[in-house]
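See below for entry17.pdb, which holds PDB, C-alpha atoms and all ligand atoms.
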```pdb
ATOM      1  CA  MET A   1       0.000   0.000   0.000  1.00  0.00           C
ATOM      2  CA  LEU A   2       1.209   3.482  -0.829  1.00  0.00           C
ATOM      3  CA  SER A   3       2.189   5.643   2.155  1.00  0.00           C
ATOM      4  CA  LYS A   4      -0.233   8.304   3.309  1.00  0.00           C
ATOM      5  CA  ARG A   5       2.352  10.967   2.364  1.00  0.00           C
ATOM      6  CA  LEU A   6       2.575   9.812  -1.265  1.00  0.00           C
ATOM      7  CA  THR A   7      -1.190   9.167  -1.481  1.00  0.00           C
ATOM      8  CA  GLU A   8      -1.864  12.779  -0.447  1.00  0.00           C
ATOM      9  CA  ILE A   9       0.603  13.981  -3.086  1.00  0.00           C
ATOM     10  CA  ALA A  10      -1.164  11.838  -5.726  1.00  0.00           C
ATOM     11  CA  GLU A  11      -4.490  13.431  -4.732  1.00  0.00           C
ATOM     12  CA  MET A  12      -3.092  16.865  -5.585  1.00  0.00           C
ATOM     13  CA  ILE A  13      -2.443  15.852  -9.212  1.00  0.00           C
ATOM     14  CA  ASP A  14      -5.222  16.455 -11.754  1.00  0.00           C
ATOM     15  CA  ASN A  15      -6.283  13.579 -13.991  1.00  0.00           C
ATOM     16  CA  ASN A  16      -4.614  12.985 -17.355  1.00  0.00           C
ATOM     17  CA  LYS A  17      -1.475  14.992 -16.751  1.00  0.00           C
ATOM     18  CA  VAL A  18       1.937  13.890 -17.971  1.00  0.00           C
ATOM     19  CA  VAL A  19       3.895  13.792 -14.707  1.00  0.00           C
ATOM     20  CA  PHE A  20       7.637  13.838 -14.041  1.00  0.00           C
ATOM     21  CA  ASP A  21       8.510  12.399 -10.614  1.00  0.00           C
ATOM     22  CA  VAL A  22      11.973  13.711  -9.702  1.00  0.00           C
ATOM     23  CA  GLY A  23      13.940  11.255  -7.529  1.00  0.00           C
ATOM     24  CA  SER A  24      11.393   8.509  -7.982  1.00  0.00           C
ATOM     25  CA  ASP A  25      13.383   5.753  -6.223  1.00  0.00           C
ATOM     26  CA  HIS A  26      11.081   2.662  -6.334  1.00  0.00           C
ATOM     27  CA  ALA A  27       8.637   4.487  -8.655  1.00  0.00           C
ATOM     28  CA  LEU A  28       5.910   4.014  -6.035  1.00  0.00           C
ATOM     29  CA  LEU A  29       4.148   7.274  -6.870  1.00  0.00           C
ATOM     30  CA  PRO A  30       4.240   6.773 -10.683  1.00  0.00           C
ATOM     31  CA  CYS A  31       2.919   3.191 -10.325  1.00  0.00           C
ATOM     32  CA  PHE A  32       0.059   4.446  -8.138  1.00  0.00           C
ATOM     33  CA  LEU A  33      -0.831   7.197 -10.642  1.00  0.00           C
ATOM     34  CA  LEU A  34      -0.995   4.608 -13.426  1.00  0.00           C
ATOM     35  CA  GLN A  35      -2.852   1.968 -11.367  1.00  0.00           C
ATOM     36  CA  GLU A  36      -5.479   4.471 -10.246  1.00  0.00           C
ATOM     37  CA  GLY A  37      -5.919   5.861 -13.768  1.00  0.00           C
ATOM     38  CA  ILE A  38      -4.891   9.340 -12.588  1.00  0.00           C
ATOM     39  CA  SER A  39      -2.189   9.497 -15.288  1.00  0.00           C
ATOM     40  CA  GLU A  40      -1.634   7.702 -18.577  1.00  0.00           C
ATOM     41  CA  LYS A  41       2.062   8.478 -18.758  1.00  0.00           C
ATOM     42  CA  VAL A  42       4.576   9.150 -15.990  1.00  0.00           C
ATOM     43  CA  TYR A  43       8.309   9.790 -16.142  1.00  0.00           C
ATOM     44  CA  ALA A  44      10.351   8.503 -13.209  1.00  0.00           C
ATOM     45  CA  GLY A  45      13.516  10.606 -12.991  1.00  0.00           C
ATOM     46  CA  GLU A  46      16.563   9.400 -11.089  1.00  0.00           C
ATOM     47  CA  ILE A  47      20.123  10.541 -10.624  1.00  0.00           C
ATOM     48  CA  ALA A  48      21.317   7.205  -9.210  1.00  0.00           C
ATOM     49  CA  GLU A  49      21.696   3.930 -11.048  1.00  0.00           C
ATOM     50  CA  GLY A  50      20.346   1.664  -8.274  1.00  0.00           C
ATOM     51  CA  PRO A  51      16.958   3.410  -8.027  1.00  0.00           C
ATOM     52  CA  LEU A  52      16.780   3.734 -11.813  1.00  0.00           C
ATOM     53  CA  ASN A  53      17.122  -0.049 -12.070  1.00  0.00           C
ATOM     54  CA  LYS A  54      14.235  -0.404  -9.601  1.00  0.00           C
ATOM     55  CA  VAL A  55      12.122   1.764 -11.911  1.00  0.00           C
ATOM     56  CA  LYS A  56      13.066  -0.470 -14.855  1.00  0.00           C
ATOM     57  CA  GLU A  57      12.069  -3.572 -12.830  1.00  0.00           C
ATOM     58  CA  ALA A  58       8.692  -1.969 -12.039  1.00  0.00           C
ATOM     59  CA  VAL A  59       8.128  -1.295 -15.753  1.00  0.00           C
ATOM     60  CA  LYS A  60       8.650  -5.010 -16.492  1.00  0.00           C
ATOM     61  CA  ARG A  61       6.750  -6.324 -13.457  1.00  0.00           C
ATOM     62  CA  TYR A  62       3.588  -4.345 -14.197  1.00  0.00           C
ATOM     63  CA  GLY A  63       3.859  -4.239 -18.001  1.00  0.00           C
ATOM     64  CA  TYR A  64       4.089  -0.444 -17.997  1.00  0.00           C
ATOM     65  CA  GLU A  65       6.236  -0.135 -21.146  1.00  0.00           C
ATOM     66  CA  GLY A  66       5.654   3.273 -22.741  1.00  0.00           C
ATOM     67  CA  ARG A  67       3.620   4.472 -19.736  1.00  0.00           C
ATOM     68  CA  LEU A  68       6.189   4.407 -16.928  1.00  0.00           C
ATOM     69  CA  ILE A  69       9.340   5.853 -18.436  1.00  0.00           C
ATOM     70  CA  PRO A  70      12.667   5.794 -16.549  1.00  0.00           C
ATOM     71  CA  VAL A  71      14.805   8.882 -17.163  1.00  0.00           C
ATOM     72  CA  PHE A  72      18.371   9.250 -15.971  1.00  0.00           C
ATOM     73  CA  SER A  73      18.395  12.883 -14.916  1.00  0.00           C
ATOM     74  CA  ASP A  74      19.746  15.315 -12.380  1.00  0.00           C
ATOM     75  CA  GLY A  75      16.474  17.029 -11.482  1.00  0.00           C
ATOM     76  CA  LEU A  76      14.691  18.094 -14.657  1.00  0.00           C
ATOM     77  CA  GLU A  77      17.832  18.290 -16.797  1.00  0.00           C
ATOM     78  CA  ASN A  78      16.679  15.512 -19.151  1.00  0.00           C
ATOM     79  CA  ALA A  79      12.922  15.981 -18.758  1.00  0.00           C
ATOM     80  CA  PRO A  80      11.091  15.495 -22.070  1.00  0.00           C
ATOM     81  CA  GLU A  81       9.102  18.325 -23.651  1.00  0.00           C
ATOM     82  CA  ASP A  82       5.646  16.848 -22.970  1.00  0.00           C
ATOM     83  CA  VAL A  83       5.929  16.978 -19.153  1.00  0.00           C
ATOM     84  CA  GLU A  84       3.086  19.022 -17.601  1.00  0.00           C
ATOM     85  CA  VAL A  85       3.344  18.450 -13.850  1.00  0.00           C
ATOM     86  CA  VAL A  86       6.434  17.957 -11.685  1.00  0.00           C
ATOM     87  CA  VAL A  87       6.630  16.209  -8.308  1.00  0.00           C
ATOM     88  CA  ILE A  88       9.676  16.543  -6.061  1.00  0.00           C
ATOM     89  CA  ALA A  89       9.208  14.651  -2.796  1.00  0.00           C
ATOM     90  CA  GLY A  90      11.180  13.059   0.009  1.00  0.00           C
ATOM     91  CA  MET A  91      14.309  15.200  -0.369  1.00  0.00           C
ATOM     92  CA  GLY A  92      15.886  18.015   1.611  1.00  0.00           C
ATOM     93  CA  TYR A  93      15.394  21.691   0.837  1.00  0.00           C
ATOM     94  CA  TYR A  94      18.881  22.265  -0.592  1.00  0.00           C
ATOM     95  CA  THR A  95      18.540  19.413  -3.108  1.00  0.00           C
ATOM     96  CA  ILE A  96      15.103  20.732  -4.089  1.00  0.00           C
ATOM     97  CA  ARG A  97      16.495  24.219  -4.483  1.00  0.00           C
ATOM     98  CA  HIS A  98      19.312  22.914  -6.689  1.00  0.00           C
ATOM     99  CA  ILE A  99      16.694  21.211  -8.880  1.00  0.00           C
ATOM    100  CA  LEU A 100      14.496  24.335  -9.125  1.00  0.00           C
ATOM    101  CA  ASP A 101      17.467  26.629  -9.786  1.00  0.00           C
ATOM    102  CA  ASN A 102      18.537  24.463 -12.692  1.00  0.00           C
ATOM    103  CA  CYS A 103      15.297  24.236 -14.634  1.00  0.00           C
ATOM    104  CA  ASP A 104      12.880  26.536 -16.413  1.00  0.00           C
ATOM    105  CA  VAL A 105      10.028  26.464 -13.883  1.00  0.00           C
ATOM    106  CA  SER A 106       7.722  28.359 -16.275  1.00  0.00           C
ATOM    107  CA  LYS A 107       7.654  25.394 -18.703  1.00  0.00           C
ATOM    108  CA  TYR A 108       5.460  23.370 -16.347  1.00  0.00           C
ATOM    109  CA  GLU A 109       1.813  23.812 -15.293  1.00  0.00           C
ATOM    110  CA  TYR A 110       2.619  23.321 -11.622  1.00  0.00           C
ATOM    111  CA  PHE A 111       4.998  21.728  -9.124  1.00  0.00           C
ATOM    112  CA  ILE A 112       4.097  19.622  -6.103  1.00  0.00           C
ATOM    113  CA  ILE A 113       6.883  19.685  -3.558  1.00  0.00           C
ATOM    114  CA  GLN A 114       7.322  17.911  -0.253  1.00  0.00           C
ATOM    115  CA  SER A 115      10.565  18.880   1.411  1.00  0.00           C
ATOM    116  CA  ASN A 116      11.831  16.803   4.331  1.00  0.00           C
ATOM    117  CA  THR A 117      13.591  19.864   5.757  1.00  0.00           C
ATOM    118  CA  ASP A 118      13.258  23.660   6.011  1.00  0.00           C
ATOM    119  CA  VAL A 119       9.733  24.023   4.606  1.00  0.00           C
ATOM    120  CA  ASP A 120       9.800  27.689   5.613  1.00  0.00           C
ATOM    121  CA  LEU A 121      12.908  28.228   3.467  1.00  0.00           C
ATOM    122  CA  LEU A 122      11.141  26.522   0.573  1.00  0.00           C
ATOM    123  CA  ARG A 123       8.172  28.882   0.963  1.00  0.00           C
ATOM    124  CA  ALA A 124      10.572  31.853   1.224  1.00  0.00           C
ATOM    125  CA  TYR A 125      12.173  30.695  -2.047  1.00  0.00           C
ATOM    126  CA  ILE A 126       8.750  30.408  -3.724  1.00  0.00           C
ATOM    127  CA  ALA A 127       7.871  33.886  -2.430  1.00  0.00           C
ATOM    128  CA  GLU A 128      11.188  35.406  -3.545  1.00  0.00           C
ATOM    129  CA  LYS A 129      10.567  34.132  -7.071  1.00  0.00           C
ATOM    130  CA  GLY A 130       6.983  35.463  -7.011  1.00  0.00           C
ATOM    131  CA  TYR A 131       5.456  32.043  -7.703  1.00  0.00           C
ATOM    132  CA  GLU A 132       1.869  31.414  -6.637  1.00  0.00           C
ATOM    133  CA  ILE A 133       1.082  28.761  -4.011  1.00  0.00           C
ATOM    134  CA  ILE A 134      -2.164  27.157  -5.224  1.00  0.00           C
ATOM    135  CA  ASP A 135      -2.577  24.374  -2.670  1.00  0.00           C
ATOM    136  CA  GLU A 136      -1.023  23.147   0.570  1.00  0.00           C
ATOM    137  CA  LYS A 137      -1.421  20.201   2.877  1.00  0.00           C
ATOM    138  CA  VAL A 138      -0.002  19.007   6.162  1.00  0.00           C
ATOM    139  CA  VAL A 139       0.082  15.209   6.409  1.00  0.00           C
ATOM    140  CA  HIS A 140       0.794  13.116   9.473  1.00  0.00           C
ATOM    141  CA  ASP A 141       2.543   9.913   8.448  1.00  0.00           C
ATOM    142  CA  GLY A 142       4.850   9.146  11.371  1.00  0.00           C
ATOM    143  CA  PHE A 143       6.093  12.751  11.083  1.00  0.00           C
ATOM    144  CA  TYR A 144       4.328  15.893   9.987  1.00  0.00           C
ATOM    145  CA  TYR A 145       5.036  16.505   6.297  1.00  0.00           C
ATOM    146  CA  GLN A 146       4.130  19.673   4.430  1.00  0.00           C
ATOM    147  CA  ILE A 147       3.244  19.650   0.756  1.00  0.00           C
ATOM    148  CA  SER A 148       3.175  22.779  -1.428  1.00  0.00           C
ATOM    149  CA  LYS A 149       1.685  23.049  -4.894  1.00  0.00           C
ATOM    150  CA  PHE A 150       2.795  26.130  -6.826  1.00  0.00           C
ATOM    151  CA  ARG A 151       2.884  27.589 -10.298  1.00  0.00           C
ATOM    152  CA  VAL A 152       4.353  30.506 -12.165  1.00  0.00           C
ATOM    153  CA  LYS A 153       1.473  32.788 -12.950  1.00  0.00           C
ATOM    154  CA  ASP A 154       0.584  36.024 -11.258  1.00  0.00           C
ATOM    155  CA  HIS A 155       3.369  37.417  -9.120  1.00  0.00           C
ATOM    156  CA  GLN A 156       2.408  36.819  -5.503  1.00  0.00           C
ATOM    157  CA  GLU A 157       3.678  38.351  -2.284  1.00  0.00           C
ATOM    158  CA  TYR A 158       3.464  36.593   1.053  1.00  0.00           C
ATOM    159  CA  THR A 159       3.760  37.929   4.582  1.00  0.00           C
ATOM    160  CA  PRO A 160       6.442  36.543   6.943  1.00  0.00           C
ATOM    161  CA  LEU A 161       3.658  34.689   8.825  1.00  0.00           C
ATOM    162  CA  GLU A 162       2.446  33.076   5.595  1.00  0.00           C
ATOM    163  CA  ILE A 163       6.008  32.040   4.765  1.00  0.00           C
ATOM    164  CA  ARG A 164       6.444  30.453   8.198  1.00  0.00           C
ATOM    165  CA  TYR A 165       3.183  28.481   8.203  1.00  0.00           C
ATOM    166  CA  GLY A 166       1.800  28.498   4.657  1.00  0.00           C
ATOM    167  CA  PRO A 167      -0.788  30.960   3.247  1.00  0.00           C
ATOM    168  CA  ILE A 168      -3.364  28.287   2.438  1.00  0.00           C
ATOM    169  CA  ASN A 169      -2.735  26.347   5.668  1.00  0.00           C
ATOM    170  CA  ILE A 170      -3.551  29.422   7.743  1.00  0.00           C
ATOM    171  CA  LYS A 171      -6.628  30.256   5.683  1.00  0.00           C
ATOM    172  CA  ARG A 172      -8.023  26.739   5.881  1.00  0.00           C
ATOM    173  CA  MET A 173      -6.926  25.814   9.422  1.00  0.00           C
ATOM    174  CA  ASP A 174      -7.747  22.180   8.710  1.00  0.00           C
ATOM    175  CA  ALA A 175      -7.598  19.514  11.408  1.00  0.00           C
ATOM    176  CA  THR A 176      -4.091  18.203  10.602  1.00  0.00           C
ATOM    177  CA  PHE A 177      -2.642  21.702  10.428  1.00  0.00           C
ATOM    178  CA  ILE A 178      -4.158  22.467  13.852  1.00  0.00           C
ATOM    179  CA  GLU A 179      -2.640  19.211  15.204  1.00  0.00           C
ATOM    180  CA  TYR A 180       0.718  20.190  13.691  1.00  0.00           C
ATOM    181  CA  LEU A 181       0.618  23.650  15.296  1.00  0.00           C
ATOM    182  CA  THR A 182      -0.426  22.203  18.645  1.00  0.00           C
ATOM    183  CA  ASP A 183       2.431  19.688  18.516  1.00  0.00           C
ATOM    184  CA  LEU A 184       4.953  22.377  17.497  1.00  0.00           C
ATOM    185  CA  LYS A 185       3.819  24.635  20.336  1.00  0.00           C
ATOM    186  CA  LYS A 186       4.137  21.797  22.857  1.00  0.00           C
ATOM    187  CA  ARG A 187       7.652  20.926  21.664  1.00  0.00           C
ATOM    188  CA  LEU A 188       8.778  24.565  21.785  1.00  0.00           C
ATOM    189  CA  GLU A 189       7.353  24.955  25.303  1.00  0.00           C
ATOM    190  CA  GLU A 190       9.272  21.852  26.433  1.00  0.00           C
ATOM    191  CA  ILE A 191      12.531  23.110  24.886  1.00  0.00           C
ATOM    192  CA  ASN A 192      12.027  26.567  26.362  1.00  0.00           C
ATOM    193  CA  VAL A 193      11.767  25.320  29.933  1.00  0.00           C
ATOM    194  CA  ARG A 194      15.569  25.034  29.747  1.00  0.00           C
ATOM    195  CA  ALA A 195      16.458  27.361  26.871  1.00  0.00           C
ATOM    196  CA  ASN A 196      14.344  30.275  28.145  1.00  0.00           C
ATOM    197  CA  LYS A 197      14.678  32.253  24.904  1.00  0.00           C
ATOM    198  CA  GLU A 198      12.626  35.249  23.815  1.00  0.00           C
ATOM    199  CA  GLU A 199      12.638  33.990  20.230  1.00  0.00           C
ATOM    200  CA  TYR A 200      10.862  30.770  21.308  1.00  0.00           C
ATOM    201  CA  ARG A 201       8.394  32.740  23.463  1.00  0.00           C
ATOM    202  CA  GLN A 202       7.497  34.840  20.417  1.00  0.00           C
ATOM    203  CA  THR A 203       6.935  31.781  18.235  1.00  0.00           C
ATOM    204  CA  ILE A 204       4.803  30.138  20.926  1.00  0.00           C
ATOM    205  CA  SER A 205       2.696  33.279  21.217  1.00  0.00           C
ATOM    206  CA  GLU A 206       2.351  33.517  17.423  1.00  0.00           C
ATOM    207  CA  ILE A 207       1.119  29.903  17.296  1.00  0.00           C
ATOM    208  CA  GLU A 208      -1.323  30.620  20.160  1.00  0.00           C
ATOM    209  CA  ASP A 209      -2.717  33.543  18.155  1.00  0.00           C
ATOM    210  CA  LEU A 210      -3.232  31.291  15.147  1.00  0.00           C
ATOM    211  CA  LEU A 211      -4.876  28.592  17.259  1.00  0.00           C
ATOM    212  CA  VAL A 212      -6.929  30.591  19.719  1.00  0.00           C
ATOM    213  CA  TYR A 213      -8.057  33.572  17.726  1.00  0.00           C
ATOM    214  CA  ASN A 214      -8.030  31.855  14.381  1.00  0.00           C
ATOM    215  CA  VAL A 215      -7.564  35.367  13.055  1.00  0.00           C
ATOM    216  CA  TYR A 216      -7.424  34.397   9.441  1.00  0.00           C
ATOM    217  CA  HIS A 217     -10.938  32.949   9.287  1.00  0.00           C
TER     218      HIS A 217
HETATM  219  C1  LIG B 301      14.444   9.480  -0.270  1.00  0.00           C
HETATM  220  S1  LIG B 301      14.184   9.152  -1.961  1.00  0.00           S
HETATM  221  C2  LIG B 301      12.553   9.791  -2.189  1.00  0.00           C
HETATM  222  C3  LIG B 301      11.738   8.879  -3.057  1.00  0.00           C
HETATM  223  C4  LIG B 301      10.343   9.392  -3.383  1.00  0.00           C
HETATM  224  N1  LIG B 301      10.389  10.608  -4.162  1.00  0.00           N
HETATM  225  C5  LIG B 301       9.535   9.606  -2.131  1.00  0.00           C
HETATM  226  O1  LIG B 301       9.128  10.737  -1.862  1.00  0.00           O
HETATM  227  O2  LIG B 301       9.309   8.630  -1.390  1.00  0.00           O
HETATM  228  C6  LIG B 301      15.161  10.362  -2.778  1.00  0.00           C
HETATM  229  C7  LIG B 301      15.549   9.939  -4.189  1.00  0.00           C
HETATM  230  O3  LIG B 301      15.944  11.098  -4.909  1.00  0.00           O
HETATM  231  C8  LIG B 301      17.042  10.797  -5.728  1.00  0.00           C
HETATM  232  N2  LIG B 301      17.722  12.065  -6.011  1.00  0.00           N
HETATM  233  C9  LIG B 301      18.464  12.829  -5.156  1.00  0.00           C
HETATM  234  N3  LIG B 301      18.899  13.940  -5.772  1.00  0.00           N
HETATM  235  C10 LIG B 301      18.406  13.897  -7.040  1.00  0.00           C
HETATM  236  C11 LIG B 301      18.509  14.762  -8.169  1.00  0.00           C
HETATM  237  N4  LIG B 301      19.231  15.896  -8.113  1.00  0.00           N
HETATM  238  N5  LIG B 301      17.873  14.401  -9.305  1.00  0.00           N
HETATM  239  C12 LIG B 301      17.169  13.255  -9.377  1.00  0.00           C
HETATM  240  N6  LIG B 301      17.051  12.388  -8.353  1.00  0.00           N
HETATM  241  C13 LIG B 301      17.656  12.712  -7.196  1.00  0.00           C
HETATM  242  C14 LIG B 301      17.830   9.777  -4.932  1.00  0.00           C
HETATM  243  O4  LIG B 301      18.651   8.982  -5.775  1.00  0.00           O
HETATM  244  C15 LIG B 301      16.720   8.970  -4.239  1.00  0.00           C
HETATM  245  O5  LIG B 301      16.363   7.838  -4.956  1.00  0.00           O
END
```

Starting from the file, lay out its structure as structure tokens.
Ligand SMILES: C[S@@+](CC[C@H](N)C(=O)[O-])C[C@H]1O[C@@H](n2cnc3c(N)ncnc32)[C@H](O)[C@@H]1O
Amino acid sequence: MLSKRLTEIAEMIDNNKVVFDVGSDHALLPCFLLQEGISEKVYAGEIAEGPLNKVKEAVKRYGYEGRLIPVFSDGLENAPEDVEVVVIAGMGYYTIRHILDNCDVSKYEYFIIQSNTDVDLLRAYIAEKGYEIIDEKVVHDGFYYQISKFRVKDHQEYTPLEIRYGPINIKRMDATFIEYLTDLKKRLEEINVRANKEEYRQTISEIEDLLVYNVYH
């Protein structure tokens, strides 16, 4: 069964899009997209030979010739021209940034990105470029993961608060985002018993404002 994290990413992809999954590893996401009929054609990009061989095995095992296409590629370097949607998941922010810096983001309809680290830096990067965040999700799958869907369209500006927590997350205040904030607040309070830092107190108070006053609703 596909992990909750990857299932939630799959749900953010519109039907019938040609998808490029950067750093596909076992090609779990592409196989799911094909099995569920969400996509007809998915590229599984990989920089490493071992994972690329796993993609090739999946093609044979499921008879996905011509539909699941392994591509040896650093990020989107060798992405074919017909790609519409890009997924980059399960990597750290700096790898993701390297991938984004080395491609023409405007060629694609949208990106779905799940960074394992520094999600605020990823949002700051998106904001600095003026990209538009069109969807967001927080998923609990052992850890809290944040997923951002963005596109190059109208230039958007985000406040520091929106960069820290996500503009759509704070508008929607859905149940998992509230759980995530509550957990973050609890962890910061525990750390601050010893650390006793003003910076932590400010973040705790900011989270309380989001939770208690729900000011953005
Ligand atoms: C931890 S796995 C994530 C697999 C899958 N995307 C997921 O979310 O479960 C990261 C994969 O990204 C690949 N990778 C790392 N840097 C890459 C790059 N610059 N271009 C393409 N693939 C890359 C690695 O070889 C590895 O297989």

Counting all atoms listed in the file, what residues are within 9 Å of ligand LIG 301 (chain B), given as an NGL selection string? :A and (3 or 5-6 or 21-29 or 45-52 or 72-77 or 87-92 or 95-96 or 98-99 or 114-115)

Can you pull out the residues contacting Asp118 in chain A? Cut-off 7 Å, using all atoms listed in the file, and skip same-chain residues under 3 positions away; I want them as a PyMOL selection string. chain A and resi 93+121-122

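Nearest residue to Leu33 in chain A among A:Val212, A:Val83, A:Met173, A:Val19 is A:Val19, counting all atoms listed in the file.
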
So which one's closest to Leu2 in chain A, A:Glu190, A:Asp141, A:Glu208, A:Glu179? Using all atoms listed in the file, please. A:Asp141

Expand the PyMOL selection byres (((chain A and resi 8) around 12) and not hetatm) into the explicit residue set it covers here, and present it as a compact mmCIF listing (two decimals) with C-alpha atoms, keeping the file's coordinate frame.
```
# COMPACT_ATOMS: atom_id res chain seq x y z
CA LEU A 2 1.21 3.48 -0.83
CA SER A 3 2.19 5.64 2.15
CA LYS A 4 -0.23 8.30 3.31
CA ARG A 5 2.35 10.97 2.36
CA LEU A 6 2.58 9.81 -1.26
CA THR A 7 -1.19 9.17 -1.48
CA ILE A 9 0.60 13.98 -3.09
CA ALA A 10 -1.16 11.84 -5.73
CA GLU A 11 -4.49 13.43 -4.73
CA MET A 12 -3.09 16.86 -5.58
CA ILE A 13 -2.44 15.85 -9.21
CA LEU A 29 4.15 7.27 -6.87
CA PHE A 32 0.06 4.45 -8.14
CA LEU A 33 -0.83 7.20 -10.64
CA ALA A 89 9.21 14.65 -2.80
CA ILE A 112 4.10 19.62 -6.10
CA ILE A 113 6.88 19.68 -3.56
CA GLN A 114 7.32 17.91 -0.25
CA ASP A 135 -2.58 24.37 -2.67
CA GLU A 136 -1.02 23.15 0.57
CA LYS A 137 -1.42 20.20 2.88
CA VAL A 138 0.00 19.01 6.16
CA VAL A 139 0.08 15.21 6.41
CA HIS A 140 0.79 13.12 9.47
CA ASP A 141 2.54 9.91 8.45
CA TYR A 145 5.04 16.50 6.30
CA GLN A 146 4.13 19.67 4.43
CA ILE A 147 3.24 19.65 0.76
CA SER A 148 3.18 22.78 -1.43
CA LYS A 149 1.68 23.05 -4.89
```

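Closest to Ile178 in chain A among A:Phe20, A:Tyr158, A:Tyr144, A:Tyr43 is A:Tyr144, based on all atoms listed in the file.
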
Enumerate, as a PDB file with C-alpha atoms, keeping the file's coordinate frame, the residues matched when the PyMOL selection byres (((chain A and resi 160-164) around 7) and not hetatm) is run on the file above.
```
ATOM      1  CA  ASP A 120       9.800  27.689   5.613  1.00  0.00           C
ATOM      2  CA  ARG A 123       8.172  28.882   0.963  1.00  0.00           C
ATOM      3  CA  ALA A 124      10.572  31.853   1.224  1.00  0.00           C
ATOM      4  CA  TYR A 158       3.464  36.593   1.053  1.00  0.00           C
ATOM      5  CA  THR A 159       3.760  37.929   4.582  1.00  0.00           C
ATOM      6  CA  TYR A 165       3.183  28.481   8.203  1.00  0.00           C
ATOM      7  CA  GLY A 166       1.800  28.498   4.657  1.00  0.00           C
ATOM      8  CA  PRO A 167      -0.788  30.960   3.247  1.00  0.00           C
TER       9      PRO A 167
END
```

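Relative to CA of Phe143 in chain A, CA of Leu181 in chain A is found at 12.9 Å.
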
N, CA and C atoms are what I want for range 134-150 of chain A; can you complete it accordingly and write them as a CSV table (one decimal), in the coordinates of the input?
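Full text of out_33.csv as output:
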```csv
chain,number,residue,atom,x,y,z
A,134,ILE,N,-0.8,27.4,-4.9
A,134,ILE,CA,-2.2,27.2,-5.2
A,134,ILE,C,-2.8,26.1,-4.4
A,135,ASP,N,-2.0,25.3,-3.6
A,135,ASP,CA,-2.6,24.4,-2.7
A,135,ASP,C,-1.5,24.0,-1.7
A,136,GLU,N,-1.9,23.6,-0.5
A,136,GLU,CA,-1.0,23.1,0.6
A,136,GLU,C,-1.7,22.1,1.4
A,137,LYS,N,-0.9,21.2,2.0
A,137,LYS,CA,-1.4,20.2,2.9
A,137,LYS,C,-0.4,19.9,4.0
A,138,VAL,N,-0.9,19.6,5.1
A,138,VAL,CA,0.0,19.0,6.2
A,138,VAL,C,-0.5,17.6,6.4
A,139,VAL,N,0.4,16.6,6.3
A,139,VAL,CA,0.1,15.2,6.4
A,139,VAL,C,0.8,14.6,7.6
A,140,HIS,N,0.1,13.8,8.4
A,140,HIS,CA,0.8,13.1,9.5
A,140,HIS,C,1.0,11.7,9.1
A,141,ASP,N,2.2,11.3,8.9
A,141,ASP,CA,2.5,9.9,8.4
A,141,ASP,C,3.8,9.5,9.2
A,142,GLY,N,3.7,9.3,10.5
A,142,GLY,CA,4.8,9.1,11.4
A,142,GLY,C,5.4,10.5,11.8
A,143,PHE,N,5.7,11.4,10.9
A,143,PHE,CA,6.1,12.8,11.1
A,143,PHE,C,5.0,13.7,10.4
A,144,TYR,N,5.2,14.9,10.7
A,144,TYR,CA,4.3,15.9,10.0
A,144,TYR,C,5.1,16.3,8.7
A,145,TYR,N,4.5,16.1,7.6
A,145,TYR,CA,5.0,16.5,6.3
A,145,TYR,C,4.2,17.6,5.7
A,146,GLN,N,4.9,18.6,5.1
A,146,GLN,CA,4.1,19.7,4.4
A,146,GLN,C,4.3,19.6,2.9
A,147,ILE,N,3.2,19.7,2.2
A,147,ILE,CA,3.2,19.6,0.8
A,147,ILE,C,2.8,21.0,0.2
A,148,SER,N,3.5,21.5,-0.8
A,148,SER,CA,3.2,22.8,-1.4
A,148,SER,C,3.0,22.6,-2.9
A,149,LYS,N,1.9,23.1,-3.4
A,149,LYS,CA,1.7,23.0,-4.9
A,149,LYS,C,1.8,24.5,-5.4
A,150,PHE,N,2.7,24.8,-6.4
A,150,PHE,CA,2.8,26.1,-6.8
A,150,PHE,C,3.0,26.2,-8.3
```
